[in-house]
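In what follows, a structure is listed as structure tokens, so that the remarks can point back to it.
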Amino acid sequence: MSVALAAGPTANAELTAAMARRPIAESYAEIGRLAEADVPGARAIYDGYGALGLAGNGSDFPAACRAWETGAEVSAEAAHMTAECYEHGHGGVADLPRAVALYTAAGEGGYAKSLCALGLILMTGKGVTADPVRAAELCRRAAEMGDADAQTDTGNFYLFGSGVAEDHAEAFRWYSLAAAQRQRNASFTLAQMYWNGDTVEKDNDEAVRWWLVAYDAGREDAALELARAYMVSGVRGRSAADLDAEALRKSIRWFEIALPQVAAGPERDEAEKHLGLVRRLLAGPEAP
């Protein structure tokens, strides 16, 4: 299936910024202010978010989807949210052709997220003929518009050579841009690249910095990476009499945060073994 972009509803910079604002309560309040000012699409977005529980009345996804669709003809933001409903069946009905049409219209109307959403459909070939090159072009277009999620996806494409030539330096550049906006997946991968010295000089401190950002942004699995990183920092290059106790204490704290989230298996067994080791090191040579 070949997708040609056509004119459609229009994005509003204030509404786009309000939707991206965090915490979500502040986003909702700002969207409400825009709705009161009759910004096109703001009322539809506000009512949809309210139906998801922000109004304090419980969550009703089909109702949210109906609210968003009331603004889809004029608002690229509302069209995008409606497209997500049709793509994933959140409103009770999955309709990929309708989702593609809405993403297309919203993307041409200036909403960056819709461009890359369409790109991801083309990349996977979900219900359409896969077109990785076009997919990468669409996401890069959205990335160049400053969308952090699209920047992350573009980084992924360059990291793995999907639709573009594999280029880890270019991947690093896009991850850096997205991580600067606290995009959690970009921050996590950027940390890995610093830790591994992948196209950049190995820098464990920078790795820790970005894993902390990733964790704060919602990547709970970054806790285990932080535990391991602080463990390494606490023992590397030091004799038993000259350990970094502060780093080891941080390692213990992060292991304790991480372990409840790690499923039973080899990874959990290893984490528990490392936690025991760090505790013994911190207790000193007299500990059993």
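If you're wondering about the labels, chains in the structure tokens are A, B, ... by order shown, residues count from 1 in each chain, ligands from 1 in order shown.
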Surrounding residues of Ala25 (chain A) excluding itself and chain neighbours under 2 positions, 12 Å, only C-alpha atoms, as number ranges by chain: A: 18-23, 27-32, 46, 49-50, 53-56
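The residue set within 6 Å of region 198-215 of chain A, counting only C-alpha atoms and dropping same-chain residues fewer than 5 places from it, reads Ala169, Arg184, Ser187, Phe188, Ala191, Met193, Glu220 and Ala222 of chain A.
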Selection above as a file: N, CA and C atoms, as a compact mmCIF listing (two decimals), in the first residue's frame:
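The file below, result_9.txt, is the result:
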# COMPACT_ATOMS: atom_id res chain seq x y z
N ALA A 169 27.09 6.65 14.64
CA ALA A 169 27.34 8.05 14.98
C ALA A 169 26.08 8.88 14.76
N ARG A 184 12.60 8.84 27.36
CA ARG A 184 13.14 7.79 28.22
C ARG A 184 13.91 6.72 27.46
N SER A 187 17.22 8.15 26.23
CA SER A 187 18.14 8.31 27.36
C SER A 187 18.76 6.98 27.74
N PHE A 188 17.95 5.93 27.75
CA PHE A 188 18.44 4.61 28.12
C PHE A 188 19.48 4.12 27.11
N ALA A 191 22.74 6.04 27.27
CA ALA A 191 23.55 5.55 28.40
C ALA A 191 24.31 4.29 28.00
N MET A 193 25.29 3.45 25.07
CA MET A 193 26.36 3.79 24.13
C MET A 193 27.56 4.38 24.86
N GLU A 220 11.84 1.85 34.19
CA GLU A 220 12.15 1.23 35.47
C GLU A 220 13.32 0.25 35.37
N ALA A 222 16.02 0.76 34.05
CA ALA A 222 17.29 1.47 34.22
C ALA A 222 17.83 1.30 35.63
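Shortest atom-to-atom contact with Asp131 (chain A) among A:Ala178, A:Ala17, A:Val164, A:Ile257: A:Val164, counting only C-alpha atoms.
Of the listed residues A:Thr10, A:Thr154, A:Ser176, A:Thr124, the one whose atoms come nearest to Glu73 (chain A) is A:Thr10, with distances taken using only C-alpha atoms.
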Polymer residues at most 10 Å from Ile45 (chain A), only C-alpha atoms, same-chain spacing of 2 or more positions, as a PyMOL selection string: chain A and resi 15+19+28+31-32+35+40-43+47-51+64-65+67-72+75+77-79+81-82
Residue list (alpha helix (DSSP H), DSSP) for region 47-258 of chain A, as a ChimeraX atom specification: /A:47-49,61-69,76-88,96-108,112-124,132-144,148-160,168-179,184-196,204-216,222-235,245-258
Can you tell me, as a CSV table (one decimal) with N, CA and C atoms, in the first residue's frame, what residues are no more than 7 Å from region 119-122 of chain A when counting only C-alpha atoms, ignoring any on the same chain fewer than 2 positions away?
chain,number,residue,atom,x,y,z
A,115,LEU,N,3.4,11.9,11.4
A,115,LEU,CA,4.4,11.5,10.3
A,115,LEU,C,5.1,10.3,10.7
A,116,CYS,N,5.6,10.2,11.9
A,116,CYS,CA,6.4,9.1,12.3
A,116,CYS,C,5.5,7.9,12.7
A,117,ALA,N,4.3,8.1,13.2
A,117,ALA,CA,3.3,7.0,13.4
A,117,ALA,C,3.0,6.3,12.1
A,124,THR,N,6.9,-1.5,9.6
A,124,THR,CA,6.6,-2.9,10.0
A,124,THR,C,5.8,-3.6,9.0
A,125,GLY,N,5.1,-2.8,8.1
A,125,GLY,CA,4.3,-3.4,7.1
A,125,GLY,C,3.0,-4.0,7.7
A,126,LYS,N,2.6,-3.4,8.8
A,126,LYS,CA,1.3,-3.8,9.4
A,126,LYS,C,0.1,-3.4,8.6
A,128,VAL,N,-0.1,-3.0,5.5
A,128,VAL,CA,0.2,-2.2,4.3
A,128,VAL,C,1.5,-2.9,3.8
A,129,THR,N,1.8,-2.5,2.5
A,129,THR,CA,3.1,-3.0,2.0
A,129,THR,C,4.3,-2.3,2.7
A,130,ALA,N,5.2,-3.0,3.2
A,130,ALA,CA,6.3,-2.4,3.9
A,130,ALA,C,7.1,-1.5,3.0
A,131,ASP,N,7.5,-0.4,3.5
A,131,ASP,CA,8.4,0.5,2.7
A,131,ASP,C,9.4,1.2,3.7
A,132,PRO,N,10.4,0.5,4.1
A,132,PRO,CA,11.3,1.0,5.1
A,132,PRO,C,12.0,2.3,4.8
A,135,ALA,N,9.5,5.0,5.3
A,135,ALA,CA,9.2,5.0,6.7
A,135,ALA,C,10.3,5.8,7.4
A,136,ALA,N,11.5,5.6,7.1
A,136,ALA,CA,12.6,6.3,7.7
A,136,ALA,C,12.6,7.8,7.3
A,138,LEU,N,9.9,9.6,6.7
A,138,LEU,CA,8.8,10.2,7.4
A,138,LEU,C,9.2,10.5,8.9
A,139,CYS,N,9.8,9.5,9.5
A,139,CYS,CA,10.2,9.7,10.9
A,139,CYS,C,11.3,10.7,11.0
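When only C-alpha atoms are used to compute distances to Ile252 (chain A), the closest of the residues A:Ala217, A:Leu275, A:Leu282, A:Val235 turns out to be A:Leu275.
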Leu159 (chain A) surroundings by only C-alpha atoms, 8 Å radius, close-in-sequence under 5 positions cut, as a PDB file with N, CA, C and O atoms, in the first residue's frame:
ATOM      1  N   GLU A 166      23.269   1.606   8.167  1.00  0.00           N
ATOM      2  CA  GLU A 166      23.627   1.592   9.582  1.00  0.00           C
ATOM      3  C   GLU A 166      24.706   2.630   9.858  1.00  0.00           C
ATOM      4  O   GLU A 166      25.724   2.697   9.167  1.00  0.00           O
ATOM      5  N   ASP A 167      24.480   3.461  10.859  1.00  0.00           N
ATOM      6  CA  ASP A 167      25.399   4.552  11.168  1.00  0.00           C
ATOM      7  C   ASP A 167      25.238   4.879  12.654  1.00  0.00           C
ATOM      8  O   ASP A 167      24.353   5.636  13.039  1.00  0.00           O
ATOM      9  N   HIS A 168      26.107   4.333  13.494  1.00  0.00           N
ATOM     10  CA  HIS A 168      25.961   4.512  14.932  1.00  0.00           C
ATOM     11  C   HIS A 168      26.241   5.944  15.370  1.00  0.00           C
ATOM     12  O   HIS A 168      25.664   6.409  16.361  1.00  0.00           O
ATOM     13  N   GLU A 170      25.368   8.603  13.681  1.00  0.00           N
ATOM     14  CA  GLU A 170      24.118   9.319  13.418  1.00  0.00           C
ATOM     15  C   GLU A 170      23.054   8.905  14.430  1.00  0.00           C
ATOM     16  O   GLU A 170      22.269   9.732  14.887  1.00  0.00           O
ATOM     17  N   ALA A 171      23.039   7.645  14.794  1.00  0.00           N
ATOM     18  CA  ALA A 171      22.117   7.193  15.838  1.00  0.00           C
ATOM     19  C   ALA A 171      22.393   7.938  17.136  1.00  0.00           C
ATOM     20  O   ALA A 171      21.460   8.420  17.805  1.00  0.00           O
TER      21      ALA A 171
END
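Among the candidate residues A:Asp153, A:Asn57, A:Leu118, A:Lys113, the one lying nearest to Glu87 (chain A) is A:Leu118, with distances computed using only C-alpha atoms.
For the atom pair formed by CA of Ala227 (chain A) and CA of Arg280 (chain A), the distance is 15.3 Å, given to one decimal.
Interatomic distance, CA of Phe255 (chain A) against CA of Glu267 (chain A): 12.1 Å.
Distance annotation: of A:Trp195, A:Tyr158, A:Trp254, A:Tyr86, the residue with the minimal separation from Ala101 (chain A) is A:Tyr86; atom set is only C-alpha atoms.
The spacing separating CA of Ala99 (chain A) from CA of Glu84 (chain A) amounts to 6.7 Å.
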